[in-house]
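Structure first, then comments.
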Amino acid sequence: MRFPLHITTDMIAHQITQALRGRKRYPFVLMLEPLYTCNLACIGCATERHTGKLADRLPLADCLRAVEDSGAPGVSICGGEPTLYPELKELVAGIIARRRHIYLCTNALVLDETVFGRIPPHPRLTMNVHLDGMRRTHDKVCGREGVFDKAIAMIREAKHLGYHVMTNTTVYKDTDVGEVKALCELTKGLGVDGMLVAPGYHYDSVQRNIFLTRDEIQRKFGHILGFSRHYRLTSTPMFLEFAAGLRDLPCSPWSTVTYTPRGWKAPCYLIGQQYLRSWEEFWKGTDWDYWESRRDPRCQNCAMHSGFEASVVRTIRRSPRDMVRLAAWNLLG
């Protein structure tokens, strides 16, 4: 299977439960950003995500309350660089105790110092290592030499130790699609359990001209779609078709909610129009109809998985053919 059975069954059970409760909108994933401190300053990252002070991190209790408030079955621990969070061991244990699935999003630079030997492998824990290209490209994106080699070494060690490992690749304006394929070949050889490939989002705080327009996204992802079946990509075929311009999808901004040191980020993981302290104020006070419509100028070139993968789930029920395709993709991947 492309995803472990327990993750698939828990996600399906979550959707059934929400449907029985009559809810059309509900979180699939909580993006938990316990700190805005990082040991890198990657070119495509929003400035606030790597300039925060460690002293301003979220308390452990606030992180766990956000897990409970959102009710999302998946928790992506990101930031910032989450392996710098001093309470990471306790945070992971607390989320697992609540029977959630964790994706630890990391540049992998200090896994050997803060994770290996401290946080044991667990079926509910996945390492999600950031790789934006082969050695020269990735080091350029990260602004430091040697980052690629350390990440590859940590992936090898993580697999050796028994962790479930994925990679996460962002596609930019200058990304060579042939290099993306070469990276897929490399990670396949390393035995990674999945590879996420998605277009970058143009954060307002990033002034460089590195992000893709919608037409550029469609051209690049048309090529990626062509070779995707040969690799364990975690992007669904329907999402890749959307990114390639072969189908349209509404946005589901409520499917991926974000909690940060500044509070709940509204309206979505990508756009911080405001930050709210309480879950109730965030969830009931956000104009979901407006953000689903993609009318806002900031949404025009967005094709991020965080907004559109849930839309695949929303719309797939209308197509028995797509339901069969998605089941086969997961079961045979």
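Residues are named by chain letter and number: chains run A, B, ... in the order of the structure tokens, numbers start at 1 in each chain, and ligands are numbered from 1 in the order shown.
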
Within 10 Å of segment 311-325 of chain A using only C-alpha atoms, minus same-chain residues under 2 positions, as a list in words: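 Selected residues are Gln15, Lys24, Arg25, Thr236, Pro237, Met238, Phe239, Phe242, Asp248, Leu249, Pro250, Cys251, Ser252, Pro253, Ser255, Glu292, His305, Ser306, Gly307, Phe308, Glu309, Ala327, Ala328, Trp329, Asn330 and Leu331 of chain A.
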
Test item: residues at most 10 Å from segment 34-40 of chain A, only C-alpha atoms, excluding those fewer than 4 positions along its chain, as a PyMOL selection string: chain A and resi 45+47-60+62-63+77-85+87-88+91+106-107+109-110+141-144+147+259-262

Test item: residues at most 12 Å from Thr17 of chain A, only C-alpha atoms, excluding those fewer than 5 positions along its chain, as a PyMOL selection string: chain A and resi 10-12+22-24+26+71-73

Keeping only N, CA and C atoms, write those residues as a PDB file, in the first residue's frame.
ATOM      1  N   ASP A  10      -7.862   5.044   9.484  1.00  0.00           N
ATOM      2  CA  ASP A  10      -8.197   6.140  10.394  1.00  0.00           C
ATOM      3  C   ASP A  10      -8.726   7.350   9.631  1.00  0.00           C
ATOM      4  N   MET A  11      -8.144   7.640   8.463  1.00  0.00           N
ATOM      5  CA  MET A  11      -8.617   8.763   7.652  1.00  0.00           C
ATOM      6  C   MET A  11     -10.043   8.510   7.147  1.00  0.00           C
ATOM      7  N   ILE A  12     -10.312   7.289   6.698  1.00  0.00           N
ATOM      8  CA  ILE A  12     -11.655   6.952   6.222  1.00  0.00           C
ATOM      9  C   ILE A  12     -12.656   7.027   7.372  1.00  0.00           C
ATOM     10  N   GLY A  22     -22.993  15.361  10.028  1.00  0.00           N
ATOM     11  CA  GLY A  22     -23.521  16.383   9.135  1.00  0.00           C
ATOM     12  C   GLY A  22     -22.562  17.520   8.834  1.00  0.00           C
ATOM     13  N   ARG A  23     -21.260  17.283   9.019  1.00  0.00           N
ATOM     14  CA  ARG A  23     -20.269  18.343   8.795  1.00  0.00           C
ATOM     15  C   ARG A  23     -19.702  18.264   7.390  1.00  0.00           C
ATOM     16  N   LYS A  24     -19.783  19.354   6.672  1.00  0.00           N
ATOM     17  CA  LYS A  24     -19.209  19.422   5.324  1.00  0.00           C
ATOM     18  C   LYS A  24     -17.779  19.948   5.343  1.00  0.00           C
ATOM     19  N   TYR A  26     -14.264  20.185   7.778  1.00  0.00           N
ATOM     20  CA  TYR A  26     -13.580  19.700   8.970  1.00  0.00           C
ATOM     21  C   TYR A  26     -12.108  19.503   8.625  1.00  0.00           C
ATOM     22  N   GLY A  71      -9.131  18.368  16.157  1.00  0.00           N
ATOM     23  CA  GLY A  71      -9.686  17.050  15.898  1.00  0.00           C
ATOM     24  C   GLY A  71      -9.113  16.369  14.676  1.00  0.00           C
ATOM     25  N   ALA A  72      -8.104  16.948  14.040  1.00  0.00           N
ATOM     26  CA  ALA A  72      -7.537  16.386  12.811  1.00  0.00           C
ATOM     27  C   ALA A  72      -6.811  15.082  13.113  1.00  0.00           C
ATOM     28  N   PRO A  73      -6.981  14.049  12.265  1.00  0.00           N
ATOM     29  CA  PRO A  73      -6.287  12.782  12.492  1.00  0.00           C
ATOM     30  C   PRO A  73      -4.804  12.832  12.158  1.00  0.00           C
TER      31      PRO A  73
END

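A straight line drawn from atom CA of Gly74 of chain A to atom CA of Gly200 of chain A is 21.5 Å long.
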
Counting only C-alpha atoms, the residue of A:Ile7, A:Leu32, A:Cys42, A:Met154 that sits nearest His138 of chain A: A:Cys42

Length of the atom CA of Thr256 of chain A to atom CA of Thr213 of chain A vector [Å]: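 Distance reported for this atom pair: 22.5 Å.
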
Every residue of segment 178-282 of chain A that DSSP places in alpha helix (DSSP H), as a count of residues only: 38

Strand (DSSP E) positions in segment 125-199 of chain A, given as JSON, numbers by chain: {"A": [125, 126, 127, 128, 129, 130, 164, 165, 166, 167, 168, 169, 170, 171, 194, 195, 196, 197, 198, 199]}
